[in-house]
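Asks: I'm passing along my_file-v7.pdb; it holds PDB, C-alpha atoms.
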ATOM      1  CA  MET A1234     -57.184 -47.986  98.598
ATOM      2  CA  SER A1235     -60.127 -48.137  96.208
ATOM      3  CA  SER A1236     -63.096 -50.423  96.677
ATOM      4  CA  PRO A1237     -63.823 -53.164  94.089
ATOM      5  CA  GLU A1238     -66.869 -51.201  92.934
ATOM      6  CA  GLU A1239     -64.940 -47.952  92.481
ATOM      7  CA  LYS A1240     -63.925 -47.260  88.900
ATOM      8  CA  ILE A1241     -60.801 -45.237  88.196
ATOM      9  CA  VAL A1242     -59.824 -44.219  84.681
ATOM     10  CA  VAL A1243     -56.735 -42.538  83.274
ATOM     11  CA  LEU A1244     -57.478 -40.280  80.317
ATOM     12  CA  ILE A1245     -54.596 -39.384  78.001
ATOM     13  CA  PRO A1246     -55.189 -37.008  75.069
ATOM     14  CA  CYS A1247     -52.534 -37.565  72.383
ATOM     15  CA  TYR A1248     -51.271 -35.965  69.209
ATOM     16  CA  ASN A1249     -48.080 -37.359  67.663
ATOM     17  CA  GLU A1250     -46.697 -38.840  70.899
ATOM     18  CA  ALA A1251     -45.386 -42.166  69.548
ATOM     19  CA  LYS A1252     -42.086 -41.903  71.432
ATOM     20  CA  PRO A1253     -43.362 -41.264  74.992
ATOM     21  CA  ILE A1254     -46.879 -42.744  75.006
ATOM     22  CA  GLY A1255     -45.764 -46.330  75.586
ATOM     23  CA  LEU A1256     -43.868 -45.315  78.733
ATOM     24  CA  VAL A1257     -46.791 -43.193  79.943
ATOM     25  CA  VAL A1258     -49.243 -46.090  79.643
ATOM     26  CA  GLN A1259     -46.846 -48.545  81.304
ATOM     27  CA  ASP A1260     -46.061 -46.169  84.180
ATOM     28  CA  PHE A1261     -49.740 -45.548  84.937
ATOM     29  CA  LYS A1262     -50.489 -49.269  84.766
ATOM     30  CA  LYS A1263     -47.884 -49.752  87.502
ATOM     31  CA  ALA A1264     -49.065 -46.771  89.550
ATOM     32  CA  LEU A1265     -52.793 -47.594  89.238
ATOM     33  CA  PRO A1266     -53.074 -51.324  88.467
ATOM     34  CA  THR A1267     -56.895 -51.383  88.759
ATOM     35  CA  ALA A1268     -57.473 -48.360  86.511
ATOM     36  CA  ASP A1269     -58.528 -48.439  82.873
ATOM     37  CA  ILE A1270     -56.105 -46.492  80.662
ATOM     38  CA  TYR A1271     -57.703 -44.616  77.760
ATOM     39  CA  VAL A1272     -55.667 -42.951  75.021
ATOM     40  CA  TYR A1273     -57.630 -40.626  72.752
ATOM     41  CA  ASP A1274     -55.738 -40.010  69.535
ATOM     42  CA  ASN A1275     -56.236 -36.627  67.864
ATOM     43  CA  ASN A1276     -55.310 -37.260  64.201
ATOM     44  CA  SER A1277     -51.722 -38.332  64.855
ATOM     45  CA  SER A1278     -49.570 -38.885  61.772
ATOM     46  CA  ASP A1279     -47.044 -41.105  63.576
ATOM     47  CA  ASP A1280     -47.394 -44.487  65.345
ATOM     48  CA  THR A1281     -49.110 -43.166  68.481
ATOM     49  CA  VAL A1282     -52.122 -45.463  68.092
ATOM     50  CA  ALA A1283     -50.076 -48.625  67.497
ATOM     51  CA  VAL A1284     -47.684 -47.918  70.369
ATOM     52  CA  ALA A1285     -50.520 -47.142  72.793
ATOM     53  CA  LYS A1286     -52.360 -50.344  71.884
ATOM     54  CA  ALA A1287     -49.188 -52.388  72.248
ATOM     55  CA  ALA A1288     -48.665 -50.912  75.725
ATOM     56  CA  GLY A1289     -52.156 -52.063  76.758
ATOM     57  CA  ALA A1290     -54.214 -48.897  76.505
ATOM     58  CA  ILE A1291     -57.791 -48.652  75.270
ATOM     59  CA  VAL A1292     -57.407 -46.444  72.197
ATOM     60  CA  ARG A1293     -60.125 -44.221  70.800
ATOM     61  CA  THR A1294     -60.141 -41.373  68.281
ATOM     62  CA  GLU A1295     -61.348 -37.764  68.233
ATOM     63  CA  THR A1296     -61.134 -36.213  64.761
ATOM     64  CA  GLN A1297     -61.850 -32.606  65.787
ATOM     65  CA  GLN A1298     -58.415 -31.100  66.273
ATOM     66  CA  GLY A1299     -57.503 -29.577  69.627
ATOM     67  CA  LYS A1300     -57.023 -30.733  73.215
ATOM     68  CA  GLY A1301     -60.273 -29.107  74.311
ATOM     69  CA  ASN A1302     -62.208 -31.149  71.767
ATOM     70  CA  VAL A1303     -60.510 -34.322  72.997
ATOM     71  CA  VAL A1304     -61.228 -33.622  76.668
ATOM     72  CA  ARG A1305     -64.871 -32.858  75.879
ATOM     73  CA  ARG A1306     -65.178 -36.213  74.079
ATOM     74  CA  MET A1307     -63.447 -38.140  76.871
ATOM     75  CA  PHE A1308     -65.594 -36.617  79.597
ATOM     76  CA  ALA A1309     -68.746 -37.363  77.603
ATOM     77  CA  ASP A1310     -67.819 -40.943  76.668
ATOM     78  CA  ILE A1311     -66.322 -42.342  79.863
ATOM     79  CA  ASP A1312     -68.255 -43.175  83.038
ATOM     80  CA  ALA A1313     -66.159 -43.560  86.178
ATOM     81  CA  ASP A1314     -65.942 -42.537  89.817
ATOM     82  CA  ILE A1315     -62.506 -40.916  89.610
ATOM     83  CA  TYR A1316     -60.805 -39.485  86.525
ATOM     84  CA  VAL A1317     -57.081 -38.925  86.093
ATOM     85  CA  LEU A1318     -56.303 -36.556  83.210
ATOM     86  CA  VAL A1319     -52.682 -36.403  82.069
ATOM     87  CA  ASP A1320     -50.764 -35.365  78.968
ATOM     88  CA  GLY A1321     -49.173 -38.099  76.877
ATOM     89  CA  ASP A1322     -45.711 -36.520  76.702
ATOM     90  CA  ASN A1323     -44.186 -38.357  79.699
ATOM     91  CA  THR A1324     -43.422 -35.145  81.613
ATOM     92  CA  TYR A1325     -45.607 -35.934  84.654
ATOM     93  CA  GLU A1326     -44.806 -38.562  87.295
ATOM     94  CA  ALA A1327     -47.311 -41.397  87.291
ATOM     95  CA  ALA A1328     -46.266 -42.349  90.826
ATOM     96  CA  ALA A1329     -48.021 -39.243  92.174
ATOM     97  CA  ALA A1330     -51.432 -40.394  90.922
ATOM     98  CA  ALA A1331     -52.171 -42.665  93.895
ATOM     99  CA  ASP A1332     -51.442 -39.863  96.379
ATOM    100  CA  MET A1333     -53.548 -37.399  94.382
ATOM    101  CA  ILE A1334     -56.477 -39.833  94.368
ATOM    102  CA  ALA A1335     -56.049 -40.482  98.098
ATOM    103  CA  LEU A1336     -56.138 -36.721  98.744
ATOM    104  CA  LEU A1337     -59.254 -36.348  96.577
ATOM    105  CA  LYS A1338     -61.057 -39.027  98.576
ATOM    106  CA  SER A1339     -59.822 -38.250 102.096
ATOM    107  CA  ASP A1340     -60.716 -34.555 101.843
ATOM    108  CA  THR A1341     -63.823 -35.105  99.660
ATOM    109  CA  LEU A1342     -62.443 -32.896  96.886
ATOM    110  CA  ASP A1343     -63.528 -32.441  93.295
ATOM    111  CA  MET A1344     -60.174 -31.561  91.715
ATOM    112  CA  VAL A1345     -56.547 -32.119  92.660
ATOM    113  CA  SER A1346     -54.057 -30.299  90.444
ATOM    114  CA  GLY A1347     -50.566 -31.686  89.925
ATOM    115  CA  CYS A1348     -48.456 -28.564  90.461
ATOM    116  CA  ARG A1349     -45.191 -28.838  88.595
ATOM    117  CA  VAL A1350     -41.895 -28.839  90.507
ATOM    118  CA  THR A1351     -38.605 -29.142  88.633
ATOM    119  CA  GLU A1352     -35.074 -27.784  88.432
ATOM    120  CA  ILE A1353     -34.697 -28.771  84.769
ATOM    121  CA  GLN A1354     -34.912 -25.580  82.725
ATOM    122  CA  GLU A1355     -35.603 -27.471  79.483
ATOM    123  CA  ALA A1356     -38.589 -29.257  81.017
ATOM    124  CA  TYR A1357     -40.343 -26.117  82.227
ATOM    125  CA  ARG A1358     -38.973 -23.234  80.176
ATOM    126  CA  PRO A1359     -38.712 -19.729  81.746
ATOM    127  CA  GLY A1360     -41.187 -18.372  79.193
ATOM    128  CA  HIS A1361     -43.754 -20.994  80.187
ATOM    129  CA  ARG A1362     -43.110 -20.325  83.898
ATOM    130  CA  LEU A1363     -43.608 -16.581  83.448
ATOM    131  CA  GLY A1364     -46.717 -17.038  81.313
ATOM    132  CA  ASN A1365     -48.234 -19.500  83.773
ATOM    133  CA  TRP A1366     -47.477 -17.180  86.702
ATOM    134  CA  MET A1367     -49.042 -14.183  84.960
ATOM    135  CA  LEU A1368     -52.151 -16.007  83.758
ATOM    136  CA  THR A1369     -52.644 -17.800  87.089
ATOM    137  CA  GLY A1370     -52.368 -14.451  88.874
ATOM    138  CA  LEU A1371     -54.870 -12.859  86.494
ATOM    139  CA  VAL A1372     -57.435 -15.622  87.030
ATOM    140  CA  ALA A1373     -56.811 -15.528  90.791
ATOM    141  CA  SER A1374     -57.477 -11.785  90.918
ATOM    142  CA  ILE A1375     -60.831 -12.288  89.202
ATOM    143  CA  PHE A1376     -62.102 -15.675  90.382
ATOM    144  CA  GLY A1377     -60.089 -16.295  93.571
ATOM    145  CA  ARG A1378     -56.605 -17.595  94.417
ATOM    146  CA  ARG A1379     -57.000 -21.296  95.140
ATOM    147  CA  THR A1380     -54.390 -22.921  92.887
ATOM    148  CA  SER A1381     -50.765 -22.131  92.089
ATOM    149  CA  ASP A1382     -50.568 -23.882  88.697
ATOM    150  CA  MET A1383     -53.588 -23.110  86.554
ATOM    151  CA  LEU A1384     -52.113 -24.585  83.364
ATOM    152  CA  THR A1385     -50.983 -27.992  84.604
ATOM    153  CA  GLY A1386     -51.887 -30.910  82.368
ATOM    154  CA  TYR A1387     -52.094 -33.368  85.275
ATOM    155  CA  ARG A1388     -55.289 -33.437  87.341
ATOM    156  CA  VAL A1389     -57.569 -35.808  89.229
ATOM    157  CA  PHE A1390     -61.331 -35.195  89.145
ATOM    158  CA  SER A1391     -64.434 -36.474  90.844
ATOM    159  CA  ARG A1392     -67.347 -37.718  88.790
ATOM    160  CA  ARG A1393     -69.467 -34.754  89.808
ATOM    161  CA  PHE A1394     -66.833 -32.352  88.448
ATOM    162  CA  VAL A1395     -66.585 -34.130  85.097
ATOM    163  CA  LYS A1396     -70.311 -34.515  84.527
ATOM    164  CA  SER A1397     -71.083 -30.883  85.331
ATOM    165  CA  PHE A1398     -68.266 -29.496  83.170
ATOM    166  CA  PRO A1399     -69.488 -28.044  79.829
ATOM    167  CA  ALA A1400     -66.034 -28.138  78.109
ATOM    168  CA  LEU A1401     -66.430 -25.383  75.518
ATOM    169  CA  SER A1402     -62.767 -24.755  74.641
ATOM    170  CA  GLN A1403     -61.118 -26.248  71.571
ATOM    171  CA  GLY A1404     -57.377 -26.208  72.324
ATOM    172  CA  PHE A1405     -54.940 -25.824  75.208
ATOM    173  CA  GLU A1406     -57.236 -23.187  76.723
ATOM    174  CA  ILE A1407     -59.090 -26.133  78.276
ATOM    175  CA  GLU A1408     -56.852 -25.939  81.388
ATOM    176  CA  THR A1409     -58.080 -22.414  82.064
ATOM    177  CA  GLU A1410     -61.691 -23.495  81.631
ATOM    178  CA  LEU A1411     -61.217 -26.431  84.015
ATOM    179  CA  THR A1412     -59.831 -24.133  86.704
ATOM    180  CA  VAL A1413     -62.511 -21.458  86.299
ATOM    181  CA  HIS A1414     -65.265 -24.111  86.416
ATOM    182  CA  ALA A1415     -64.037 -25.244  89.835
ATOM    183  CA  LEU A1416     -63.646 -21.684  91.108
ATOM    184  CA  GLU A1417     -67.036 -20.526  89.833
ATOM    185  CA  LEU A1418     -68.923 -23.359  91.549
ATOM    186  CA  ARG A1419     -66.732 -22.979  94.654
ATOM    187  CA  MET A1420     -65.774 -26.632  94.543
ATOM    188  CA  PRO A1421     -63.387 -28.065  97.136
ATOM    189  CA  ILE A1422     -60.023 -28.353  95.360
ATOM    190  CA  ALA A1423     -56.356 -28.744  96.272
ATOM    191  CA  ASP A1424     -52.853 -28.716  94.813
ATOM    192  CA  HIS A1425     -50.363 -31.564  95.021
ATOM    193  CA  GLU A1426     -46.733 -31.066  94.059
ATOM    194  CA  THR A1427     -45.501 -33.406  91.334
ATOM    195  CA  VAL A1428     -42.114 -33.773  89.699
ATOM    196  CA  TYR A1429     -42.024 -32.365  86.175
ATOM    197  CA  ILE A1430     -39.428 -33.909  83.877
ATOM    198  CA  ASP A1431     -37.998 -33.173  80.454
ATOM    199  CA  ARG A1432     -39.391 -34.700  77.286
ATOM    200  CA  LEU A1433     -37.713 -37.678  75.679
ATOM    201  CA  PRO A1434     -35.183 -36.886  72.910
ATOM    202  CA  GLY A1435     -37.012 -36.445  69.616
ATOM    203  CA  SER A1436     -40.334 -35.675  71.324
ATOM    204  CA  ASP A1437     -41.253 -32.046  70.664
ATOM    205  CA  SER A1438     -43.662 -29.883  72.651
ATOM    206  CA  LYS A1439     -46.870 -28.770  70.915
ATOM    207  CA  LEU A1440     -46.996 -25.593  73.016
ATOM    208  CA  ASN A1441     -46.073 -22.157  71.718
ATOM    209  CA  THR A1442     -45.547 -19.645  74.525
ATOM    210  CA  ILE A1443     -46.763 -16.572  72.642
ATOM    211  CA  ARG A1444     -49.498 -18.113  70.496
ATOM    212  CA  ASP A1445     -51.048 -20.247  73.230
ATOM    213  CA  GLY A1446     -50.604 -17.481  75.805
ATOM    214  CA  VAL A1447     -52.628 -15.096  73.629
ATOM    215  CA  ARG A1448     -55.308 -17.740  73.106
ATOM    216  CA  ILE A1449     -55.524 -18.423  76.843
ATOM    217  CA  LEU A1450     -55.711 -14.694  77.578
ATOM    218  CA  ARG A1451     -58.551 -14.421  75.062
ATOM    219  CA  VAL A1452     -60.370 -17.252  76.823
ATOM    220  CA  ILE A1453     -59.908 -15.537  80.202
ATOM    221  CA  VAL A1454     -61.459 -12.340  78.820
ATOM    222  CA  SER A1455     -64.330 -14.373  77.367
ATOM    223  CA  LEU A1456     -64.874 -16.199  80.664
ATOM    224  CA  VAL A1457     -64.896 -12.913  82.584
ATOM    225  CA  LYS A1458     -67.515 -11.585  80.163
ATOM    226  CA  GLU A1459     -69.630 -14.716  80.549
ATOM    227  CA  GLU A1460     -69.137 -15.438  84.257
ATOM    228  CA  ARG A1461     -68.715 -11.864  85.589
ATOM    229  CA  PRO A1462     -70.904  -9.850  83.187
ATOM    230  CA  LEU A1463     -71.807  -7.077  85.629
ATOM    231  CA  PRO A1464     -68.198  -6.089  86.462
ATOM    232  CA  PHE A1465     -67.223  -6.523  82.790
ATOM    233  CA  PHE A1466     -69.985  -4.427  81.242
ATOM    234  CA  GLY A1467     -70.167  -2.162  84.286
ATOM    235  CA  GLY A1468     -66.482  -1.360  83.901
ATOM    236  CA  LEU A1469     -66.993  -0.666  80.211
ATOM    237  CA  ALA A1470     -69.946   1.577  81.054
ATOM    238  CA  ALA A1471     -67.885   3.495  83.625
ATOM    239  CA  ALA A1472     -65.047   4.023  81.117
ATOM    240  CA  LEU A1473     -67.462   5.279  78.433
ATOM    241  CA  ALA A1474     -69.270   7.540  80.895
ATOM    242  CA  LEU A1475     -65.962   9.023  82.040
ATOM    243  CA  LEU A1476     -64.949   9.637  78.409
ATOM    244  CA  SER A1477     -68.287  11.322  77.788
ATOM    245  CA  VAL A1478     -67.859  13.571  80.819
ATOM    246  CA  ILE A1479     -64.301  14.541  79.847
ATOM    247  CA  LEU A1480     -65.307  15.383  76.276
ATOM    248  CA  GLY A1481     -68.486  17.129  77.403
ATOM    249  CA  TYR A1482     -67.068  19.302  80.170
ATOM    250  CA  PRO A1483     -65.810  22.115  77.846
ATOM    251  CA  ILE A1484     -69.086  22.129  75.919
ATOM    252  CA  VAL A1485     -71.238  22.278  79.054
ATOM    253  CA  THR A1486     -69.000  25.000  80.500
ATOM    254  CA  GLU A1487     -69.278  27.045  77.319
ATOM    255  CA  TYR A1488     -73.047  26.578  77.230
ATOM    256  CA  VAL A1489     -73.394  27.778  80.838
ATOM    257  CA  GLN A1490     -71.312  30.871  80.061
ATOM    258  CA  THR A1491     -72.720  31.842  76.629
ATOM    259  CA  GLY A1492     -75.924  29.859  76.181
ATOM    260  CA  LEU A1493     -74.512  28.515  72.887
ATOM    261  CA  VAL A1494     -73.409  25.059  71.670
ATOM    262  CA  PRO A1495     -70.952  25.881  68.861
ATOM    263  CA  ARG A1496     -69.545  22.313  68.563
ATOM    264  CA  PHE A1497     -72.804  20.575  67.839
ATOM    265  CA  PRO A1498     -71.316  17.376  66.240
ATOM    266  CA  THR A1499     -69.167  16.845  69.342
ATOM    267  CA  ALA A1500     -72.240  17.238  71.531
ATOM    268  CA  ILE A1501     -74.012  14.539  69.506
ATOM    269  CA  LEU A1502     -70.990  12.239  69.873
ATOM    270  CA  ILE A1503     -70.904  12.789  73.631
ATOM    271  CA  SER A1504     -74.614  12.001  73.928
ATOM    272  CA  ALA A1505     -74.145   8.819  71.879
ATOM    273  CA  ILE A1506     -71.254   7.684  74.096
ATOM    274  CA  MET A1507     -73.343   8.234  77.243
ATOM    275  CA  ILE A1508     -76.248   6.284  75.711
ATOM    276  CA  ILE A1509     -73.889   3.390  74.882
ATOM    277  CA  ALA A1510     -72.564   3.515  78.463
ATOM    278  CA  THR A1511     -76.110   3.237  79.797
ATOM    279  CA  LEU A1512     -76.903   0.345  77.465
ATOM    280  CA  SER A1513     -73.693  -1.410  78.534
ATOM    281  CA  LEU A1514     -74.669  -1.131  82.185
ATOM    282  CA  MET A1515     -78.165  -2.471  81.444
ATOM    283  CA  ALA A1516     -76.662  -5.376  79.484
ATOM    284  CA  GLY A1517     -74.439  -6.193  82.465
ATOM    285  CA  LEU A1518     -77.413  -6.197  84.842
ATOM    286  CA  ILE A1519     -79.486  -8.457  82.569
ATOM    287  CA  LEU A1520     -76.637 -10.868  81.795
ATOM    288  CA  ASP A1521     -75.749 -11.089  85.491
ATOM    289  CA  THR A1522     -79.219 -12.540  86.126
ATOM    290  CA  VAL A1523     -78.811 -14.957  83.214
ATOM    291  CA  THR A1524     -75.372 -16.034  84.472
ATOM    292  CA  ARG A1525     -76.759 -16.700  87.927
ATOM    293  CA  GLY A1526     -79.377 -19.008  86.390
ATOM    294  CA  ARG A1527     -76.697 -20.845  84.380
ATOM    295  CA  ARG A1528     -74.559 -21.234  87.473
ATOM    296  CA  GLU A1529     -77.486 -22.659  89.412
ATOM    297  CA  MET A1530     -78.099 -25.212  86.639
ATOM    298  CA  LYS A1531     -74.448 -26.294  86.676
ATOM    299  CA  ARG A1532     -74.579 -26.509  90.445
ATOM    300  CA  LEU A1533     -77.631 -28.771  90.305
ATOM    301  CA  ALA A1534     -75.888 -30.996  87.731
ATOM    302  CA  TYR A1535     -72.898 -31.092  90.057
ATOM    303  CA  LEU A1536     -75.010 -32.047  93.084
ATOM    304  CA  SER A1537     -76.733 -34.863  91.204
ATOM    305  CA  HIS A1538     -73.620 -37.040  91.680
ATOM    306  CA  LEU A1539     -72.139 -38.434  94.860
ATOM    307  CA  ALA A1540     -68.953 -36.974  96.310
ATOM    308  CA  PRO A1541     -65.750 -39.077  96.306
ATOM    309  CA  ARG A1542     -64.774 -40.372  99.716
ATOM    310  CA  ASP A1543     -62.799 -43.098 101.430
ATOM    311  CA  GLN A1544     -64.663 -46.387 101.694
TER     312      GLN A1544
END
Show this structure as structure tokens.

Replies:
Amino acid sequence: MSSPEEKIVVLIPCYNEAKPIGLVVQDFKKALPTADIYVYDNNSSDDTVAVAKAAGAIVRTETQQGKGNVVRRMFADIDADIYVLVDGDNTYEAAAAADMIALLKSDTLDMVSGCRVTEIQEAYRPGHRLGNWMLTGLVASIFGRRTSDMLTGYRVFSRRFVKSFPALSQGFEIETELTVHALELRMPIADHETVYIDRLPGSDSKLNTIRDGVRILRVIVSLVKEERPLPFFGGLAAALALLSVILGYPIVTEYVQTGLVPRFPTAILISAIMIIATLSLMAGLILDTVTRGRREMKRLAYLSHLAPRDQ
């Protein structure tokens, strides 16, 4: 149970969700009767705004297109103790929210992810399952395996998570950024299984398996570069140095035997590659120091807020 002073909010980013949004708002009002329900419309061309207002939600607008832009605006605008973030497509069970919040508080966590469980193929298509499994595994291999559903759109956050999260992504890549933020700061997090259901008839998914998968993969590469610069640039330096050695071996061998360098342009190319490898390694070392400073600043922002706990 939440205390009278504890503020819980439900944040629902929406784009053309007129059919399901009314049910989503009503279900969360039943599941969390003391919570404020916010619907942030993202330039919908249907009746999403009117339906959400009629259902009793507080409706606001973000004109910059993309889920990442909406989440950034919501996290900046809303002050609360506990935040429930959920998609407006009526595919996540509102009834699980109370248990997710209870888990967040009892274990003093900063994020609880609603891991999708379903037998309905249409609800969670094989392509999405495979993509999620691959991308989750990739992130786990780099940042640590602490969640089984990196791309879920249903999460519960503490205030200290939300107010230390920079939110730089523009679109559906935001889920990846949320997960990496928690892993990078070594926050206490957990998974909670939730039933995932099919969309209502006439309500189409905004996701594209290939397009959004490529965008998420690009974000992962960018996050590795920014959050793990030494392994990233060090690996690049090692690859370039190896290439330089392979190309240079015949030339060095010939020079040792004859004292001549007949392929002078190749020798110049090899030297340039080795110089670039050295510069790449130096860049990794410098950026690793910068990244550590950034991480410390985010950690201090995180520690400036109280942890969620049972009253």

Asks: To verify the selection step, state as a short mmCIF file (atom, residue, chain, number, x, y, z; two decimals) with C-alpha atoms, in the frame of the given file which residues the PyMOL selection byres ((chain A and resi 1522-1537) around 8) yields on this input.

Replies:
data_model
loop_
_atom_site.label_atom_id
_atom_site.label_comp_id
_atom_site.auth_asym_id
_atom_site.auth_seq_id
_atom_site.Cartn_x
_atom_site.Cartn_y
_atom_site.Cartn_z
CA ARG A 1393 -69.47 -34.75 89.81
CA PHE A 1394 -66.83 -32.35 88.45
CA LYS A 1396 -70.31 -34.52 84.53
CA SER A 1397 -71.08 -30.88 85.33
CA PHE A 1398 -68.27 -29.50 83.17
CA GLU A 1417 -67.04 -20.53 89.83
CA LEU A 1418 -68.92 -23.36 91.55
CA GLU A 1459 -69.63 -14.72 80.55
CA GLU A 1460 -69.14 -15.44 84.26
CA ARG A 1461 -68.72 -11.86 85.59
CA PRO A 1462 -70.90 -9.85 83.19
CA LEU A 1518 -77.41 -6.20 84.84
CA ILE A 1519 -79.49 -8.46 82.57
CA LEU A 1520 -76.64 -10.87 81.80
CA ASP A 1521 -75.75 -11.09 85.49
CA HIS A 1538 -73.62 -37.04 91.68
CA LEU A 1539 -72.14 -38.43 94.86
#

Asks: At most 9 Å is the cut-off: for each residue in range 1318-1418 of chain A with any atom that close to an atom of range 1295-1306 of chain A, write down the nearest atom pair and the distance in Å rounded to one decimal, counting all atoms listed in the file, chain first then increasing number, as JSON lines.

Replies:
{"residue": "A:Leu1318", "atom": "CA", "partner": "A:Val1304", "partner_atom": "CA", "distance": 8.7}
{"residue": "A:Phe1398", "atom": "CA", "partner": "A:Arg1305", "partner_atom": "CA", "distance": 8.7}
{"residue": "A:Pro1399", "atom": "CA", "partner": "A:Arg1305", "partner_atom": "CA", "distance": 7.8}
{"residue": "A:Ala1400", "atom": "CA", "partner": "A:Arg1305", "partner_atom": "CA", "distance": 5.3}
{"residue": "A:Leu1401", "atom": "CA", "partner": "A:Gly1301", "partner_atom": "CA", "distance": 7.3}
{"residue": "A:Ser1402", "atom": "CA", "partner": "A:Gly1301", "partner_atom": "CA", "distance": 5.0}
{"residue": "A:Gln1403", "atom": "CA", "partner": "A:Gly1301", "partner_atom": "CA", "distance": 4.0}
{"residue": "A:Gly1404", "atom": "CA", "partner": "A:Gly1299", "partner_atom": "CA", "distance": 4.3}
{"residue": "A:Phe1405", "atom": "CA", "partner": "A:Lys1300", "partner_atom": "CA", "distance": 5.7}
{"residue": "A:Glu1406", "atom": "CA", "partner": "A:Gly1301", "partner_atom": "CA", "distance": 7.1}
{"residue": "A:Ile1407", "atom": "CA", "partner": "A:Gly1301", "partner_atom": "CA", "distance": 5.1}
{"residue": "A:Glu1408", "atom": "CA", "partner": "A:Gly1301", "partner_atom": "CA", "distance": 8.5}

Asks: Please measure the separation of CA of Ser1339 in chain A and CA of Glu1426 in chain A, giving the value in Å to one decimal.

Replies: 17.0 Å

Asks: For Asn1276 in chain A, which of A:Leu1368, A:Leu1384, A:Leu1337, A:Cys1247 is the closest residue, counting all atoms listed in the file?

Replies: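 That would be A:Cys1247, the residue with the smallest distance to Asn1276 in chain A.
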
Asks: Enumerate, as a ChimeraX atom specification, the residues matched when the PyMOL selection byres ((chain A and resi 1281-1290) around 8) is run on the file above.

Replies: /A:1247-1252,1254-1256,1258-1259,1269-1272,1274,1277-1280,1291-1292

Asks: Would you kindly return, as a VMD selection string, each protein, DNA or RNA residue with an atom no farther than 12 Å from any atom of Gly1377 in chain A, considering all atoms listed in the file and excluding same-chain residues fewer than 5 positions away?

Replies: chain A and resid 1369 to 1372 1383 1412 to 1420

Asks: I'd like the box whose edges run along x, y and z of the file and which contains every listed atom of range 1457-1473 of chain A, padded by 6 Å per side; could you state its centre and edge lengths in Å, one decimal, as lines of an AutoDock Vina configuration file?

Replies:
center_x = -68.4
center_y = -5.1
center_z = 82.4
size_x = 18.9
size_y = 32.7
size_z = 20.0

Asks: Return the single residue from A:Gly1517, A:Val1350, A:Ile1508, A:Phe1376 that is closest to Lys1458 in chain A, with distances computed using all atoms listed in the file.

Replies: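 Between A:Gly1517, A:Val1350, A:Ile1508, A:Phe1376, the residue approaching Lys1458 in chain A most closely is A:Gly1517.
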
Asks: On this structure, the PyMOL selection byres ((chain A and resi 1323) around 8) would catch which residues? List them as a VMD selection string, sorted by chain and number.

Replies: chain A and resid 1253 to 1254 1256 to 1257 1320 to 1322 1324 to 1326 1430 1432 to 1433

Asks: Keeping only C-alpha atoms, write the selected residues as a CSV table (one decimal), in the frame of the given file.

Replies:
chain,number,residue,atom,x,y,z
A,1253,PRO,CA,-43.4,-41.3,75.0
A,1254,ILE,CA,-46.9,-42.7,75.0
A,1256,LEU,CA,-43.9,-45.3,78.7
A,1257,VAL,CA,-46.8,-43.2,79.9
A,1320,ASP,CA,-50.8,-35.4,79.0
A,1321,GLY,CA,-49.2,-38.1,76.9
A,1322,ASP,CA,-45.7,-36.5,76.7
A,1324,THR,CA,-43.4,-35.1,81.6
A,1325,TYR,CA,-45.6,-35.9,84.7
A,1326,GLU,CA,-44.8,-38.6,87.3
A,1430,ILE,CA,-39.4,-33.9,83.9
A,1432,ARG,CA,-39.4,-34.7,77.3
A,1433,LEU,CA,-37.7,-37.7,75.7

Asks: Would you work out the distance separating CA of Asp1340 in chain A from CA of Ala1540 in chain A, expressed in Å to one decimal?

Replies: 10.2 Å

Asks: Report the distance between CA of Ser1504 in chain A and CA of Phe1466 in chain A in Å, rounded to one decimal place.

Replies: 18.6 Å

Asks: Which is closest to Val1454 in chain A among A:Glu1487, A:Asp1424, A:Glu1410, A:Asp1312, if we use all atoms listed in the file?

Replies: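 Among A:Glu1487, A:Asp1424, A:Glu1410, A:Asp1312, it is A:Glu1410 that comes nearest to Val1454 in chain A.
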
Asks: Might you pull out every residue within 6 Å of range 1346-1349 of chain A, with only C-alpha atoms counted and same-chain residues fewer than 3 positions away left off, and present them as a list in words?

Replies: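 My reading of the contact set: Asp1382, Tyr1387, Arg1388, Asp1424, His1425, Glu1426, Thr1427, Val1428 and Tyr1429 of chain A.
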
Asks: Print the selection's residues with C-alpha atoms to a file, as a short mmCIF file (atom, residue, chain, number, x, y, z; two decimals), keeping the file's coordinate frame.

Replies:
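Wrote part-v8.cif, looks like this:
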data_model
loop_
_atom_site.label_atom_id
_atom_site.label_comp_id
_atom_site.auth_asym_id
_atom_site.auth_seq_id
_atom_site.Cartn_x
_atom_site.Cartn_y
_atom_site.Cartn_z
CA ASP A 1382 -50.57 -23.88 88.70
CA TYR A 1387 -52.09 -33.37 85.28
CA ARG A 1388 -55.29 -33.44 87.34
CA ASP A 1424 -52.85 -28.72 94.81
CA HIS A 1425 -50.36 -31.56 95.02
CA GLU A 1426 -46.73 -31.07 94.06
CA THR A 1427 -45.50 -33.41 91.33
CA VAL A 1428 -42.11 -33.77 89.70
CA TYR A 1429 -42.02 -32.36 86.18
#

Asks: Looking at A:Ala1423, A:Met1344, A:Val1319, A:Ile1503, which one is nearest to Val1478 in chain A, with distances taken over all atoms listed in the file?

Replies: A:Ile1503

Asks: Kindly indicate which residue among A:Ile1449, A:Val1389, A:Ile1334, A:Ala1313 lies nearest to Met1367 in chain A, using all atoms listed in the file for the distances.

Replies: A:Ile1449
